[in-house]
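Asker: Sharing model-v8.tsv below, TSV, C-alpha atoms and all ligand atoms:
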chain	number	residue	atom	x	y	z
A	1	MET	CA	9.62	-12.41	-41.84
A	2	SER	CA	12.98	-11.52	-43.31
A	3	HIS	CA	15.05	-13.56	-40.83
A	4	ILE	CA	15.32	-17.04	-39.35
A	5	THR	CA	16.05	-17.49	-35.65
A	6	LEU	CA	18.96	-19.88	-35.15
A	7	ASN	CA	18.93	-22.42	-32.34
A	8	ARG	CA	21.10	-21.95	-29.20
A	9	THR	CA	22.20	-18.33	-29.88
A	10	HIS	CA	18.79	-17.12	-31.12
A	11	ASP	CA	20.72	-15.07	-33.64
A	12	LEU	CA	18.59	-13.77	-36.48
A	13	MET	CA	19.90	-14.82	-39.85
A	14	PRO	CA	18.77	-13.07	-43.06
A	15	LYS	CA	16.67	-15.26	-45.34
A	16	VAL	CA	18.45	-13.93	-48.41
A	17	GLY	CA	22.22	-13.80	-48.69
A	18	TYR	CA	24.92	-13.52	-51.30
A	19	GLY	CA	26.84	-16.58	-52.61
A	20	LEU	CA	30.57	-16.31	-53.24
A	21	TRP	CA	31.37	-19.52	-55.16
A	22	LYS	CA	33.19	-18.94	-58.47
A	23	ILE	CA	33.49	-15.20	-57.97
A	24	PRO	CA	36.92	-14.60	-59.53
A	25	ASN	CA	39.59	-13.14	-57.27
A	26	GLU	CA	39.83	-9.99	-59.38
A	27	ASP	CA	36.07	-9.33	-58.93
A	28	ALA	CA	35.51	-10.50	-55.37
A	29	GLU	CA	36.40	-7.31	-53.47
A	30	GLU	CA	34.09	-5.16	-55.58
A	31	ALA	CA	31.35	-7.82	-55.66
A	32	VAL	CA	31.25	-8.03	-51.87
A	33	TYR	CA	31.41	-4.25	-51.51
A	34	ASN	CA	28.52	-3.89	-54.01
A	35	ALA	CA	26.53	-6.64	-52.32
A	36	ILE	CA	26.76	-4.87	-48.95
A	37	LYS	CA	25.95	-1.54	-50.60
A	38	ILE	CA	22.89	-3.06	-52.29
A	39	GLY	CA	21.69	-4.41	-48.95
A	40	TYR	CA	23.01	-7.95	-48.49
A	41	ARG	CA	23.95	-8.69	-44.90
A	42	LEU	CA	24.67	-12.40	-45.27
A	43	LEU	CA	27.72	-13.55	-47.22
A	44	ASP	CA	28.26	-17.24	-47.98
A	45	GLY	CA	31.90	-18.13	-48.49
A	46	ALA	CA	34.25	-21.09	-48.16
A	47	ALA	CA	37.97	-21.78	-48.02
A	48	VAL	CA	37.71	-23.75	-51.25
A	49	TYR	CA	36.31	-20.75	-53.16
A	50	GLY	CA	39.82	-19.31	-52.94
A	51	ASN	CA	38.66	-15.70	-52.61
A	52	GLU	CA	38.55	-15.05	-48.85
A	53	VAL	CA	41.32	-12.42	-48.90
A	54	GLU	CA	39.40	-10.38	-51.49
A	55	VAL	CA	36.07	-10.99	-49.73
A	56	GLY	CA	37.67	-9.64	-46.55
A	57	ARG	CA	38.84	-6.56	-48.44
A	58	GLY	CA	35.33	-5.93	-49.76
A	59	ILE	CA	33.91	-6.12	-46.23
A	60	LYS	CA	36.61	-3.80	-44.93
A	61	LYS	CA	36.00	-1.27	-47.71
A	62	ALA	CA	32.25	-1.20	-47.01
A	63	ILE	CA	32.92	-0.67	-43.31
A	64	SER	CA	35.59	2.00	-43.86
A	65	GLU	CA	33.25	3.96	-46.13
A	66	GLY	CA	30.57	3.87	-43.45
A	67	ILE	CA	28.10	1.82	-45.53
A	68	VAL	CA	27.75	-0.53	-42.57
A	69	LYS	CA	29.18	-0.25	-39.12
A	70	ARG	CA	31.34	-3.09	-37.90
A	71	GLU	CA	28.87	-3.84	-35.12
A	72	ASP	CA	25.90	-3.72	-37.49
A	73	LEU	CA	27.45	-5.98	-40.05
A	74	PHE	CA	28.34	-8.61	-37.51
A	75	ALA	CA	25.90	-7.99	-34.71
A	76	ARG	CA	26.56	-9.84	-31.49
A	77	ASN	CA	23.29	-8.82	-29.94
A	78	SER	CA	20.86	-11.63	-30.53
A	79	HIS	CA	17.90	-9.28	-30.47
A	80	ARG	CA	19.24	-7.39	-33.43
A	81	LYS	CA	19.53	-8.64	-36.96
A	82	LEU	CA	22.37	-11.07	-37.43
A	83	ASN	CA	24.18	-9.96	-40.53
A	84	ALA	CA	26.29	-12.93	-41.12
A	85	VAL	CA	29.56	-13.98	-42.57
A	86	VAL	CA	29.40	-17.69	-43.26
A	87	THR	CA	32.36	-19.81	-44.25
A	88	LYS	CA	33.21	-23.50	-44.49
A	89	LEU	CA	35.91	-25.98	-43.55
A	90	TRP	CA	37.27	-27.81	-46.58
A	91	ASN	CA	37.54	-31.62	-46.77
A	92	ASN	CA	41.34	-31.84	-46.47
A	93	PHE	CA	41.25	-30.22	-43.02
A	94	HIS	CA	38.86	-32.50	-41.11
A	95	HIS	CA	41.53	-34.03	-38.89
A	96	LYS	CA	41.23	-32.78	-35.32
A	97	ASP	CA	44.69	-31.22	-35.47
A	98	ARG	CA	43.94	-29.42	-38.71
A	99	VAL	CA	40.61	-27.72	-37.98
A	100	ARG	CA	41.86	-24.87	-35.79
A	101	PRO	CA	44.82	-23.92	-38.02
A	102	ALA	CA	42.57	-24.02	-41.10
A	103	PHE	CA	39.96	-21.87	-39.34
A	104	ASP	CA	42.60	-19.41	-38.10
A	105	ARG	CA	43.90	-18.96	-41.61
A	106	GLN	CA	40.38	-18.31	-42.95
A	107	LEU	CA	39.73	-15.78	-40.22
A	108	LYS	CA	43.01	-14.05	-41.02
A	109	ASP	CA	42.24	-14.07	-44.76
A	110	LEU	CA	38.84	-12.55	-44.07
A	111	GLY	CA	40.36	-9.98	-41.73
A	112	LEU	CA	37.81	-10.78	-39.03
A	113	ASP	CA	38.01	-11.81	-35.42
A	114	TYR	CA	35.03	-14.19	-35.56
A	115	VAL	CA	32.57	-15.61	-38.08
A	116	ASP	CA	28.83	-15.86	-37.62
A	117	LEU	CA	28.51	-19.37	-38.97
A	118	TYR	CA	31.14	-22.02	-39.71
A	119	LEU	CA	30.09	-25.13	-41.65
A	120	ILE	CA	31.67	-28.50	-42.39
A	121	HIS	CA	31.53	-28.22	-46.18
A	122	PHE	CA	31.05	-31.95	-46.93
A	123	PRO	CA	30.92	-35.09	-44.75
A	124	VAL	CA	33.97	-36.23	-46.71
A	125	PRO	CA	37.29	-36.38	-44.83
A	126	LEU	CA	40.12	-36.26	-47.36
A	127	ALA	CA	43.84	-36.61	-46.71
A	128	TYR	CA	45.71	-33.39	-45.95
A	129	VAL	CA	48.22	-32.48	-48.66
A	130	ASN	CA	49.48	-29.02	-47.70
A	131	ASP	CA	47.92	-25.77	-46.51
A	132	ASN	CA	47.33	-24.55	-50.05
A	133	THR	CA	45.92	-27.69	-51.62
A	134	LEU	CA	42.15	-27.77	-51.41
A	135	GLY	CA	40.68	-30.25	-53.80
A	136	TRP	CA	38.98	-33.57	-54.33
A	137	ALA	CA	41.14	-36.12	-56.16
A	138	ASP	CA	44.86	-36.42	-55.47
A	139	GLU	CA	46.66	-34.40	-58.16
A	140	LYS	CA	49.19	-37.14	-58.96
A	141	THR	CA	47.03	-40.27	-58.85
A	142	ASN	CA	43.65	-38.65	-59.61
A	143	GLU	CA	42.20	-40.75	-56.79
A	144	LEU	CA	40.32	-39.67	-53.72
A	145	ILE	CA	42.31	-40.41	-50.59
A	146	ILE	CA	39.98	-40.73	-47.63
A	147	GLU	CA	41.44	-39.75	-44.27
A	148	ASN	CA	40.66	-41.78	-41.18
A	149	SER	CA	38.98	-38.89	-39.40
A	150	PRO	CA	35.45	-39.36	-38.05
A	151	ILE	CA	32.99	-36.46	-38.28
A	152	GLN	CA	32.71	-36.64	-34.49
A	153	ASP	CA	36.33	-35.47	-34.10
A	154	THR	CA	35.78	-32.65	-36.56
A	155	TRP	CA	32.55	-31.55	-34.89
A	156	ARG	CA	34.25	-31.44	-31.46
A	157	GLU	CA	36.77	-29.00	-32.95
A	158	LEU	CA	33.96	-26.82	-34.31
A	159	GLU	CA	32.38	-26.85	-30.84
A	160	LYS	CA	35.68	-25.61	-29.43
A	161	LEU	CA	35.49	-22.67	-31.87
A	162	VAL	CA	32.15	-21.77	-30.31
A	163	ASP	CA	33.60	-22.00	-26.81
A	164	ALA	CA	36.50	-19.80	-27.89
A	165	LYS	CA	33.96	-17.27	-29.27
A	166	LEU	CA	35.48	-17.53	-32.72
A	167	ALA	CA	32.39	-18.96	-34.42
A	168	ARG	CA	29.02	-17.78	-33.13
A	169	ASN	CA	27.18	-20.66	-34.79
A	170	ILE	CA	28.31	-23.93	-36.34
A	171	GLY	CA	26.66	-26.13	-38.90
A	172	ILE	CA	26.97	-28.63	-41.72
A	173	SER	CA	26.62	-28.81	-45.46
A	174	ASN	CA	25.80	-31.69	-47.81
A	175	PHE	CA	24.89	-34.00	-44.91
A	176	ASN	CA	21.95	-36.43	-45.20
A	177	VAL	CA	19.44	-37.42	-42.51
A	178	GLN	CA	21.48	-40.44	-41.37
A	179	THR	CA	24.67	-38.41	-40.97
A	180	ILE	CA	22.80	-35.71	-39.04
A	181	LEU	CA	21.06	-38.28	-36.85
A	182	ASP	CA	24.43	-39.72	-35.88
A	183	LEU	CA	25.82	-36.24	-35.12
A	184	LEU	CA	22.81	-35.50	-32.90
A	185	THR	CA	23.70	-38.49	-30.71
A	186	TYR	CA	26.99	-36.99	-29.57
A	187	CYS	CA	27.00	-33.25	-30.19
A	188	LYS	CA	27.32	-30.75	-27.36
A	189	TYR	CA	26.00	-28.04	-29.69
A	190	LYS	CA	23.41	-28.97	-32.29
A	191	PRO	CA	24.14	-27.73	-35.81
A	192	ALA	CA	22.46	-24.36	-36.33
A	193	VAL	CA	22.19	-24.78	-40.09
A	194	LEU	CA	22.24	-27.41	-42.82
A	195	GLN	CA	23.22	-26.10	-46.25
A	196	VAL	CA	22.23	-28.30	-49.22
A	197	GLU	CA	21.52	-28.16	-52.93
A	198	LEU	CA	17.83	-27.34	-53.30
A	199	HIS	CA	15.75	-26.25	-56.29
A	200	PRO	CA	12.60	-27.44	-58.07
A	201	TYR	CA	14.53	-30.23	-59.88
A	202	LEU	CA	15.83	-31.46	-56.47
A	203	GLN	CA	13.17	-30.64	-53.89
A	204	GLN	CA	14.05	-33.04	-51.03
A	205	PRO	CA	10.81	-32.27	-49.14
A	206	ARG	CA	11.31	-34.94	-46.46
A	207	LEU	CA	14.87	-33.80	-45.71
A	208	VAL	CA	13.78	-30.14	-45.36
A	209	LYS	CA	10.84	-31.01	-43.12
A	210	TRP	CA	12.81	-33.36	-40.89
A	211	VAL	CA	15.77	-31.03	-40.49
A	212	GLN	CA	13.56	-28.04	-39.67
A	213	ALA	CA	11.68	-30.20	-37.14
A	214	GLN	CA	15.03	-30.75	-35.35
A	215	GLY	CA	15.36	-26.98	-34.93
A	216	ILE	CA	18.06	-26.79	-37.60
A	217	ALA	CA	17.67	-24.04	-40.21
A	218	VAL	CA	17.93	-25.07	-43.85
A	219	MET	CA	19.94	-23.05	-46.34
A	220	ALA	CA	19.54	-23.73	-50.08
A	221	TYR	CA	22.38	-23.49	-52.55
A	222	SER	CA	22.19	-23.49	-56.36
A	223	SER	CA	18.60	-22.25	-56.28
A	224	PHE	CA	18.75	-21.79	-60.07
A	225	GLY	CA	19.59	-25.46	-60.68
A	226	PRO	CA	21.86	-26.55	-63.55
A	227	VAL	CA	23.13	-23.10	-64.58
A	228	SER	CA	26.14	-23.07	-62.24
A	229	TYR	CA	27.25	-26.61	-63.19
A	230	LEU	CA	27.31	-26.16	-66.99
A	231	GLU	CA	31.11	-26.35	-67.22
A	232	MET	CA	31.27	-29.22	-64.72
A	233	THR	CA	28.79	-31.94	-65.67
A	234	GLU	CA	27.19	-33.32	-68.82
A	235	GLU	CA	23.92	-33.69	-66.90
A	236	ALA	CA	23.75	-29.94	-66.29
A	237	LYS	CA	24.31	-29.26	-69.99
A	238	SER	CA	21.61	-31.66	-71.11
A	239	THR	CA	19.03	-30.44	-68.56
A	240	PRO	CA	16.68	-27.68	-69.75
A	241	PRO	CA	17.52	-24.48	-67.84
A	242	LEU	CA	15.36	-24.04	-64.76
A	243	LEU	CA	15.30	-20.27	-65.29
A	244	GLU	CA	13.59	-20.93	-68.65
A	245	ASN	CA	11.28	-23.71	-67.47
A	246	LYS	CA	7.79	-22.92	-68.78
A	247	VAL	CA	6.05	-23.57	-65.46
A	248	ILE	CA	8.44	-21.18	-63.70
A	249	VAL	CA	8.17	-18.56	-66.45
A	250	ALA	CA	4.34	-18.72	-66.39
A	251	ILE	CA	4.26	-18.28	-62.61
A	252	ALA	CA	6.70	-15.36	-62.91
A	253	ASN	CA	4.50	-13.67	-65.52
A	254	LYS	CA	1.40	-14.24	-63.41
A	255	HIS	CA	2.96	-12.38	-60.45
A	256	ASN	CA	4.85	-9.84	-62.55
A	257	LYS	CA	8.14	-11.20	-61.19
A	258	THR	CA	11.22	-12.77	-62.80
A	259	PRO	CA	11.84	-16.55	-62.98
A	260	SER	CA	14.81	-16.10	-60.62
A	261	GLN	CA	12.54	-14.45	-58.05
A	262	VAL	CA	10.05	-17.33	-58.32
A	263	LEU	CA	12.85	-19.84	-57.67
A	264	LEU	CA	14.13	-17.92	-54.65
A	265	ARG	CA	10.64	-17.25	-53.32
A	266	TRP	CA	9.88	-21.00	-53.54
A	267	SER	CA	12.58	-21.65	-50.91
A	268	VAL	CA	12.11	-18.54	-48.79
A	269	GLN	CA	8.40	-19.30	-48.43
A	270	LYS	CA	9.37	-22.60	-46.76
A	271	ASP	CA	11.64	-20.73	-44.33
A	272	VAL	CA	14.67	-21.88	-46.29
A	273	ILE	CA	17.53	-19.36	-46.57
A	274	VAL	CA	18.80	-18.63	-50.11
A	275	ILE	CA	22.22	-17.35	-51.25
A	276	PRO	CA	22.06	-16.50	-54.97
A	277	LYS	CA	25.26	-15.51	-56.70
A	278	SER	CA	25.56	-12.83	-59.38
A	279	LEU	CA	28.01	-10.14	-60.38
A	280	ASN	CA	25.36	-8.07	-62.08
A	281	PRO	CA	24.04	-5.30	-59.76
A	282	ASP	CA	20.53	-5.37	-61.32
A	283	ARG	CA	20.28	-9.11	-60.76
A	284	MET	CA	21.72	-8.74	-57.27
A	285	ARG	CA	18.94	-6.27	-56.42
A	286	ASN	CA	16.32	-8.42	-58.10
A	287	ASN	CA	17.43	-11.51	-56.13
A	288	LEU	CA	17.18	-9.66	-52.85
A	289	ASP	CA	13.62	-8.64	-53.53
A	290	VAL	CA	11.73	-11.85	-52.70
A	291	LEU	CA	10.32	-11.22	-49.27
A	292	ASP	CA	7.15	-9.18	-49.69
A	293	TRP	CA	5.00	-11.32	-51.98
A	294	SER	CA	3.84	-14.96	-52.08
A	295	LEU	CA	3.41	-17.91	-54.35
A	296	ASP	CA	-0.11	-19.33	-54.06
A	297	GLU	CA	-1.20	-22.94	-53.50
A	298	GLU	CA	-1.64	-23.54	-57.22
A	299	ASP	CA	1.89	-22.28	-57.97
A	300	LEU	CA	3.34	-24.53	-55.26
A	301	LYS	CA	1.46	-27.54	-56.64
A	302	GLU	CA	2.77	-26.90	-60.13
A	303	ILE	CA	6.34	-26.46	-58.90
A	304	ALA	CA	6.05	-29.68	-56.86
A	305	GLY	CA	5.44	-31.43	-60.17
A	306	LEU	CA	8.88	-30.37	-61.47
A	307	ASP	CA	10.87	-32.53	-59.02
A	308	GLN	CA	13.26	-34.91	-60.80
A	309	LYS	CA	15.51	-35.72	-57.81
A	310	LEU	CA	18.24	-34.33	-60.02
A	311	ARG	CA	21.45	-33.47	-58.13
A	312	PHE	CA	24.17	-31.52	-59.90
A	313	ASN	CA	26.68	-31.21	-57.05
A	314	ASP	CA	27.17	-34.95	-56.71
A	315	THR	CA	30.29	-36.51	-55.15
A	316	VAL	CA	30.12	-39.21	-57.81
A	317	SER	CA	31.40	-36.64	-60.29
A	318	TYR	CA	34.37	-35.88	-57.99
A	319	GLY	CA	35.51	-39.50	-57.84
A	320	LEU	CA	33.55	-40.95	-54.92
A	321	SER	CA	31.91	-44.03	-56.35
A	322	LEU	CA	29.01	-43.99	-53.91
A	323	PRO	CA	26.70	-41.05	-53.39
A	324	LEU	CA	26.78	-40.07	-49.74
A	325	TRP	CA	23.32	-38.55	-49.53
A	401	LIG	P1	23.06	-19.94	-58.16
A	401	LIG	O1	21.93	-20.91	-58.14
A	401	LIG	O2	23.05	-18.78	-57.28
A	401	LIG	O3	23.22	-19.50	-59.69
A	401	LIG	C1	24.24	-18.67	-60.12
A	401	LIG	C2	24.07	-18.43	-61.62
A	401	LIG	O4	22.80	-17.83	-61.85
A	401	LIG	C3	25.11	-17.51	-62.18
A	401	LIG	O5	25.45	-18.01	-63.46
A	401	LIG	C4	24.39	-16.18	-62.33
A	401	LIG	O6	24.87	-15.44	-63.39
A	401	LIG	C5	22.97	-16.61	-62.57
A	401	LIG	N1	22.01	-15.64	-62.00
A	401	LIG	C6	22.08	-15.05	-60.78
A	401	LIG	N2	21.04	-14.22	-60.60
A	401	LIG	C7	20.30	-14.26	-61.73
A	401	LIG	C8	19.12	-13.62	-62.12
A	401	LIG	N3	18.48	-12.77	-61.33
A	401	LIG	N4	18.63	-13.90	-63.36
A	401	LIG	C9	19.25	-14.77	-64.18
A	401	LIG	N5	20.40	-15.42	-63.84
A	401	LIG	C10	20.92	-15.17	-62.63
A	401	LIG	O7	24.38	-20.79	-58.02
A	401	LIG	P2	25.47	-21.21	-57.03
A	401	LIG	O8	26.58	-20.24	-57.08
A	401	LIG	O9	25.72	-22.63	-57.36
A	401	LIG	O10	24.81	-21.20	-55.58
A	401	LIG	C11	24.76	-20.05	-54.78
A	401	LIG	C12	25.77	-20.09	-53.65
A	401	LIG	O11	25.59	-21.27	-52.87
A	401	LIG	C13	27.24	-20.20	-54.06
A	401	LIG	O12	27.75	-19.00	-54.57
A	401	LIG	C14	27.87	-20.66	-52.78
A	401	LIG	O13	28.00	-19.59	-51.88
A	401	LIG	C15	26.82	-21.67	-52.28
A	401	LIG	N6	27.13	-23.08	-52.66
A	401	LIG	C16	27.43	-23.96	-51.68
A	401	LIG	C17	27.74	-25.28	-52.00
A	401	LIG	C18	28.06	-26.27	-50.90
A	401	LIG	O14	28.55	-27.37	-51.21
A	401	LIG	N7	27.78	-25.95	-49.67
A	401	LIG	C19	27.73	-25.70	-53.33
A	401	LIG	C20	27.40	-24.78	-54.32
A	401	LIG	C21	27.09	-23.46	-53.98
In structure tokens, how does this file's structure come out?
Answerer:
Amino acid sequence: MSHITLNRTHDLMPKVGYGLWKIPNEDAEEAVYNAIKIGYRLLDGAAVYGNEVEVGRGIKKAISEGIVKREDLFARNSHRKLNAVVTKLWNNFHHKDRVRPAFDRQLKDLGLDYVDLYLIHFPVPLAYVNDNTLGWADEKTNELIIENSPIQDTWRELEKLVDAKLARNIGISNFNVQTILDLLTYCKYKPAVLQVELHPYLQQPRLVKWVQAQGIAVMAYSSFGPVSYLEMTEEAKSTPPLLENKVIVAIANKHNKTPSQVLLRWSVQKDVIVIPKSLNPDRMRNNLDVLDWSLDEEDLKEIAGLDQKLRFNDTVSYGLSLPLW
């Protein structure tokens, strides 16, 4: 199965998508255009990635050249493949009066009239500074300023986006079980998706199982582990690269696949959506090709042994003194 059926809309979401974090503005248009040309139909963006204008241009170029039709790229028909544009609300815009303007700006930047999936990026409401400041710590004081804005208010605004047919599906990112449980007590629309950091060094098996049992699809980010945090944390630098881990390499050799494919397959096989990021067309193709073969029981057992509960995208490193999940 190459797709996951989302709750409520029954939209079909591709199991493999393309991640847009840290794609430089000057590369983003071509990267998105190439990704669509290569066959990606799910794009994972966010306001805080700062490249939505260029991402929008890449989508537009692919459509104008007839590589995908507008209606095929963003299918409304739930019986057809959902080829999704996903984006996320940044922390400084959680306040109920800020969600809609922030969303409208993202939609305008992307040049779209709706998105397929809109996520709350983190369960961390931070004070609004201005429309162009998307960050963690306050630039002057270097402190995190928490805004008095409960997730419930923010979620209500996301639900209004669904009612206004501006977001087909809504979801959450970086939430833990307790935060989701609370949300489930008041939501009108259940989250369709939870996006979290997930790789063999951070396997979170109970979270994945519980969330899927609630009918919420799980989407993994940073499937290759420390590699995308090398310039951000000491921990990532001192951790042996997952792509070179000898267990992963041996399994890759056994199946005549690459280590990256083993890491992606490990998630996909659990019905977890992956969104690898690369600017290299060969790697982009390679990452997409993880749907027609399987890891066996022995491989899964060996990979289970690699878990270190090691989180690289940790709010502690952004100034929050307590981990939230
Ligand atoms: P990733 O795990 O996709 O790794 C990217 C790195 O792996 C890059 O350095 C790339 O050059 C390398 N790479 C890619 N394909 C390769 C291959 N086939 N062989 C060898 N190396 C390869 O990292 P990521 O960007 O952290 O995560 C993917 C996406 O997840 C992001 O782009 C973003 O869309 C999303 N994300 C979301 C959050 C969140 O808080 N919700 C956080 C981080 C990332």
Asker: What residues have any atom no more than 8 Å from ligand LIG 401 (chain A) when counting all atoms listed in the file, and can you list them as a VMD selection string?
Answerer: chain A and resid 18 to 23 43 to 46 88 121 to 122 173 to 174 195 to 197 220 to 229 243 258 to 261 274 to 280 282 to 284 286 to 287 313
Asker: One decimal, in Å: what's the spacing between atom CA of His10 of chain A and atom CA of Leu89 of chain A?
Answerer: 22.9 Å
Asker: Please compute the atom CA of Leu110 of chain A-atom CA of Gly39 of chain A distance, one decimal, in Å.
Answerer: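 Those two atoms sit 19.6 Å apart.
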Asker: So the first atom is atom CA of Thr9 of chain A and the second is atom CA of Leu112 of chain A; what is the distance between them in Å, to one decimal place?
Answerer: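 Taking atom CA of Thr9 of chain A as the start and atom CA of Leu112 of chain A as the end point, the length is 19.6 Å.
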Asker: Need the axis-aligned box for segment 178-197 of chain A with 4 Å each side, so what are the centre and edges in Å to one decimal, as AutoDock Vina command-line options?
Answerer:
--center_x 24.2 --center_y -32.4 --center_z -40.1 --size_x 14.3 --size_y 24.1 --size_z 33.6
Asker: For each of A:His3, A:Lys309, A:Lys254, A:Lys15, take the minimum atom-to-atom distance to Leu202 of chain A, counting all atoms listed in the file, then give the residue where this is smallest.
Answerer: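 Under the stated criterion, the closest residue is A:Lys309.
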Asker: Just the residues within 9 Å of Ile59 of chain A, please, counting all atoms listed in the file, with nothing from its chain fewer than 2 positions along; format it as a list of chain:residue names.
Answerer: A:Glu29, A:Val32, A:Tyr33, A:Ile36, A:Glu54, A:Val55, A:Gly56, A:Arg57, A:Lys61, A:Ala62, A:Ile63, A:Ser64, A:Leu73, A:Leu110, A:Gly111
Asker: Write out as a PyMOL selection string which residues come within 12 Å of Lys270 of chain A when counting all atoms listed in the file, dropping same-chain ones fewer than 6 positions away.
Answerer: chain A and resi 1+4+15+198+203+205+208-209+212+217-220+263-264+291+294-295+300
Asker: Would you be able to write out as a list in words which residues have an atom within 7 Å of (39.9, -33.1, -43.6) in the file's coordinates, counting only C-alpha atoms?
Answerer: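 Those within range, by chain then number, are Trp90, Asn91, Asn92, Phe93, His94, His95, Pro125, Leu126, Ala127, Tyr128 and Glu147 of chain A.
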Asker: Identify which of the residues A:Ile251, A:Lys165, A:Tyr201, A:Val211 lies closest to Leu181 of chain A, counting all atoms listed in the file when measuring atom-to-atom distances.
Answerer: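 The shortest atom-to-atom distance to Leu181 of chain A comes from A:Val211.
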Asker: Quick one: of A:Asn7, A:Ser2, A:Asn176, A:Asn132, who's nearest to Lys190 of chain A, counting all atoms listed in the file?
Answerer: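 When distances to Lys190 of chain A are compared using all atoms listed in the file, the smallest one comes from A:Asn7.
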Asker: Here is a test: counting all atoms listed in the file, which residue of A:Arg168, A:Glu302, A:Arg206, A:Asp289 is nearest to Tyr40 of chain A?
Answerer: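 Ranked by minimum distance to Tyr40 of chain A, first place goes to A:Asp289.
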Asker: So, with all atoms listed in the file as the atoms that count, which of A:Trp293, A:Phe175, A:Tyr186, A:Phe103 lies closest to Leu117 of chain A?
Answerer: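 The answer is A:Phe103, which sits nearest to Leu117 of chain A.
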Asker: Return the single residue from A:Ala31, A:Glu297, A:Val193, A:Glu157 that is closest to Ile273 of chain A, with distances computed using all atoms listed in the file.
Answerer: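 That would be A:Val193, the residue with the smallest distance to Ile273 of chain A.
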